[in-house]
Amino acid sequence: MKIVVITLVVLLAGIDGFIHYLLTKKPKHIDQRTYEVYDKKTYQKWDAYNKEKSKLSVINKGILFLILITMLILNLHFEIYHWLEGFSYDTYTQNAYFFLIVTIIPLPIVITFDYIRIFKIEEKYGFNTQTKKLFIKDKLIETITWLVLETGIVIGLYSIYEETEGLFVLFGLIVAFLFMTLTLIIFPIMSKLYNKFSPLEEGSLKASIHDLLKSTNSKVSKVLVMNASKRSKKMNAYFTGIGKRRRIVLYDTTIEGLEESEIVAVLAHELGHAKHKDIVKMLPLSFLSIGLIIILLGVFAGFKPLSTAFGFSDSNFVFSFIILFELFEIMMILIKVPQNKWIRSMEYKADQYAVTVHDKASFTSALIKLSKINLTDLNPHPLIVTLLYDHPTLFQRIDHIGENHG
Ligand SMILES: [Zn+2]
């Protein structure tokens, strides 16, 4: 059993390495329109940025892989669990600490690499605008929230497993569903911890947005501006909330970087998503992956050989969870292929909506400006698009608009 798990972990690392290789590989055919978006110099800058980022990510993942493999080979998970036994906690507390420790071990590495990425690479290419103080504040909030949340979820699942015996999958699915509904409410609250939101000031932009909302018969409670420039120069806009609480969030960087008509075009695209109810459609999708892990957990949590192969004397729920979660990534890659394809088709439809209710020229130029400022890869390997992209590439989008609105 041990050899099976370790082989799968190695296989996963191999797939990851291959994906990174494809990410940095320059395609044979570069779309000539690339040089209309980026001048040669910017394109070289993009290429260098992309390579550095990928290299850093490979080293980061490599170290994390070595830690995991060492822990598995030496049965260190069991050693930690065994060490905690000495404190004679009750089972739940012992498992909670066990999960916490295992989760905390890779954190210093992850945070250090994040720091290097932002303050060495993003800084060098002129993306970063955040201060080190802000970085530390963000990381503290993020780390503590996630540790509490994750430990809570795992221990919650564990107690359901212990209390309900054979009905774990059923109860687990119910809890997962409730939790997902909760995140929809939590997300706007969470983002308030990180960012400031202020109403869009009166003026011609606000008037144009209201015209768009009126002409498309859309109900939105508020249009907010988020101070994204505090962290990065990257631009974005999104819809959030459901029903009456639906609001538009515009990054202040977007307002700075785009013409009025282009901003309205970006919003029209987002409005397309809202009109097509894409957020609601996505819910069963995210539920599918959570549901799958719960079903697998139901099957494998009591599977004794998985735990005993790594030193435990009996099946251990938390350990099974940790292993399954590592291996789940392989499956996620496969699940994501049809999922991303579907999401990309939603993007085409939202693009089409934007062009219909607003205009083609300003939407196209907005897309180009967004790609340019975000240093998007304009010629990714087709396999990378299939595997990873939840948005079509810039030229795919432009071609698609052209075909339908020639
Ligand atoms: Zn979209």
# chains A, B, ... in the order shown; residues from 1 in each chain; ligands from 1
>>> select_by_dssp(residues="segment 47-287 of chain A", states="helix (DSSP H, G or I)", output="PyMOL selection string")
chain A and resi 47-73+76-85+91-104+107-124+132-194+204-215+228-230+243-245+252-257+260-275+278-287
>>> residues_near_ligand(ligand="ligand 1", cutoff="8 Å", atoms="only C-alpha atoms and all ligand atoms", output="PyMOL selection string")
chain A and resi 269-270+273+346-347+350-351+391
>>> closest_atom_pairs(of="segment 307-382 of chain A", to="segment 8-25 of chain A", cutoff="12 Å", atoms="only C-alpha atoms", output="CSV")
residue,atom,partner,partner_atom,distance
A:Ile323,CA,A:Val9,CA,9.1
A:Leu324,CA,A:Val9,CA,10.4
A:Phe325,CA,A:Val9,CA,10.9
A:Glu326,CA,A:Val9,CA,7.4
A:Leu327,CA,A:Val9,CA,6.7
A:Phe328,CA,A:Leu12,CA,9.6
A:Glu329,CA,A:Leu12,CA,7.6
A:Ile330,CA,A:Leu12,CA,6.1
A:Met331,CA,A:Leu12,CA,9.8
A:Met332,CA,A:Leu12,CA,11.1
A:Ile333,CA,A:Ile15,CA,9.6
A:Leu334,CA,A:Ile15,CA,11.5
A:Asp377,CA,A:Leu23,CA,9.2
A:Leu378,CA,A:Leu23,CA,11.8
A:Asn379,CA,A:Lys25,CA,10.1
A:Pro380,CA,A:Leu23,CA,7.1
A:His381,CA,A:Leu22,CA,6.6
A:Pro382,CA,A:Leu22,CA,9.5
>>> atom_distance(atom1="atom CA of Lys336 of chain A", atom2="atom CA of Lys281 of chain A")
15.4 Å
>>> closest_residue(among="A:Asn227, A:Gln352, A:Ser232, A:Ser215", to="His276 of chain A", atoms="only C-alpha atoms")
A:Gln352
>>> select_by_dssp(residues="segment 220-332 of chain A", states="strand (DSSP E or B)", output="ChimeraX atom specification")
/A:222-226,232,237-240,247-251
>>> closest_residue(among="A:His77, A:Gly156, A:Leu193, A:Tyr49", to="Leu140 of chain A", atoms="only C-alpha atoms")
A:Leu193
>>> closest_residue(among="A:Asn316, A:Thr253, A:Ser307, A:Asn60", to="Met1 of chain A", atoms="only C-alpha atoms")
A:Ser307
>>> closest_residue(among="A:Ser315, A:Thr216, A:Thr308, A:Asn95", to="Ala268 of chain A", atoms="only C-alpha atoms")
A:Thr216
>>> residues_around(residues="Phe179 of chain A", least_positions_apart="6", cutoff="12 Å", atoms="only C-alpha atoms", output="compact mmCIF listing (two decimals) with C-alpha atoms, in the first residue's frame")
# COMPACT_ATOMS: atom_id res chain seq x y z
CA LEU A 149 -11.51 26.94 8.90
CA GLU A 150 -9.69 23.85 7.61
CA GLY A 152 -12.85 22.99 11.81
CA ILE A 153 -13.97 21.30 8.59
CA GLY A 156 -16.33 18.39 11.82
CA LEU A 157 -16.19 15.68 9.14
CA GLY A 172 -21.14 14.83 4.77
CA LEU A 173 -22.86 15.92 1.55
CA ILE A 185 -22.25 34.89 2.22
CA ILE A 186 -18.77 34.82 3.76
CA PHE A 187 -16.87 35.85 0.60
CA LEU A 283 -22.64 25.99 -7.85
CA SER A 286 -18.09 23.19 -7.18
CA PHE A 287 -20.40 20.91 -5.27
CA ILE A 290 -16.47 18.59 -2.80
CA GLY A 291 -19.04 15.79 -3.08
>>> closest_residue(among="A:Ala176, A:Gly257, A:Val318, A:Asp31", to="Ser159 of chain A", atoms="only C-alpha atoms")
A:Val318
>>> closest_residue(among="A:Leu285, A:Leu375, A:Pro27, A:Glu165", to="Asn50 of chain A", atoms="only C-alpha atoms")
A:Leu375
>>> atom_distance(atom1="atom CA of Asn217 of chain A", atom2="atom CA of Tyr348 of chain A")
21.4 Å
>>> atom_distance(atom1="atom CA of Val280 of chain A", atom2="atom CA of Leu388 of chain A")
21.7 Å
>>> residues_around(residues="Thr42 of chain A", least_positions_apart="6", cutoff="10 Å", atoms="only C-alpha atoms", output="list in words")
Tyr35, Ala48, Lys372 and Leu375 of chain A
>>> residues_around(residues="Lys2 of chain A", least_positions_apart="4", cutoff="10 Å", atoms="only C-alpha atoms", output="PyMOL selection string")
chain A and resi 6-8+72-73+75+305-310
>>> write_last_selection(atoms="C-alpha atoms", output="PDB file, in the first residue's frame")
ATOM      1  CA  ILE A   6       4.155   7.012  -2.847  1.00  0.00           C
ATOM      2  CA  THR A   7       4.029   6.107  -6.552  1.00  0.00           C
ATOM      3  CA  LEU A   8       0.853   8.154  -6.945  1.00  0.00           C
ATOM      4  CA  LEU A  72       5.624   9.450   4.020  1.00  0.00           C
ATOM      5  CA  ILE A  73       8.768   7.329   3.773  1.00  0.00           C
ATOM      6  CA  ASN A  75       6.137   7.536   8.710  1.00  0.00           C
ATOM      7  CA  PRO A 305      -4.322  -0.817   5.049  1.00  0.00           C
ATOM      8  CA  LEU A 306      -3.951   2.863   4.033  1.00  0.00           C
ATOM      9  CA  SER A 307      -3.203   3.940   7.620  1.00  0.00           C
ATOM     10  CA  THR A 308      -1.354   0.845   8.820  1.00  0.00           C
ATOM     11  CA  ALA A 309       1.052   1.059   5.865  1.00  0.00           C
ATOM     12  CA  PHE A 310       2.302   4.309   7.373  1.00  0.00           C
TER      13      PHE A 310
END
>>> residues_around(residues="Leu224 of chain A", least_positions_apart="4", cutoff="7 Å", atoms="only C-alpha atoms", output="PyMOL selection string")
chain A and resi 197-200+248-250
>>> write_last_selection(atoms="C-alpha atoms", output="CSV table (one decimal), in the first residue's frame")
chain,number,residue,atom,x,y,z
A,197,PHE,CA,-15.0,49.4,-1.0
A,198,SER,CA,-16.4,52.8,-1.7
A,199,PRO,CA,-19.4,53.8,-3.9
A,200,LEU,CA,-18.5,54.9,-7.4
A,248,ILE,CA,-20.7,45.3,-9.2
A,249,VAL,CA,-17.2,45.6,-8.0
A,250,LEU,CA,-14.7,47.6,-10.1
>>> decode(residues="segment 23-34 of chain A", atoms="N, CA and C atoms", output="short mmCIF file (atom, residue, chain, number, x, y, z; two decimals), in the first residue's frame")
data_model
loop_
_atom_site.label_atom_id
_atom_site.label_comp_id
_atom_site.auth_asym_id
_atom_site.auth_seq_id
_atom_site.Cartn_x
_atom_site.Cartn_y
_atom_site.Cartn_z
N LEU A 23 4.29 25.27 -19.79
CA LEU A 23 3.98 26.68 -19.54
C LEU A 23 5.10 27.61 -20.00
N THR A 24 6.35 27.12 -19.92
CA THR A 24 7.45 28.01 -20.29
C THR A 24 7.92 27.78 -21.72
N LYS A 25 7.42 26.70 -22.35
CA LYS A 25 7.85 26.39 -23.69
C LYS A 25 7.25 27.38 -24.69
N LYS A 26 8.12 27.97 -25.52
CA LYS A 26 7.62 28.90 -26.53
C LYS A 26 7.02 28.11 -27.68
N PRO A 27 5.82 28.49 -28.14
CA PRO A 27 5.21 27.73 -29.24
C PRO A 27 5.95 28.00 -30.55
N LYS A 28 5.85 27.05 -31.47
CA LYS A 28 6.50 27.21 -32.78
C LYS A 28 5.83 28.36 -33.54
N HIS A 29 4.49 28.38 -33.43
CA HIS A 29 3.78 29.39 -34.17
C HIS A 29 3.30 30.50 -33.23
N ILE A 30 3.84 31.69 -33.44
CA ILE A 30 3.38 32.82 -32.64
C ILE A 30 2.43 33.65 -33.49
N ASP A 31 1.21 33.82 -32.98
CA ASP A 31 0.21 34.61 -33.69
C ASP A 31 0.78 36.01 -33.95
N GLN A 32 0.76 36.42 -35.22
CA GLN A 32 1.37 37.70 -35.57
C GLN A 32 0.71 38.90 -34.88
N ARG A 33 -0.55 38.70 -34.49
CA ARG A 33 -1.26 39.79 -33.82
C ARG A 33 -0.65 40.09 -32.45
N THR A 34 0.15 39.12 -31.95
CA THR A 34 0.81 39.33 -30.66
C THR A 34 1.56 40.66 -30.65
#
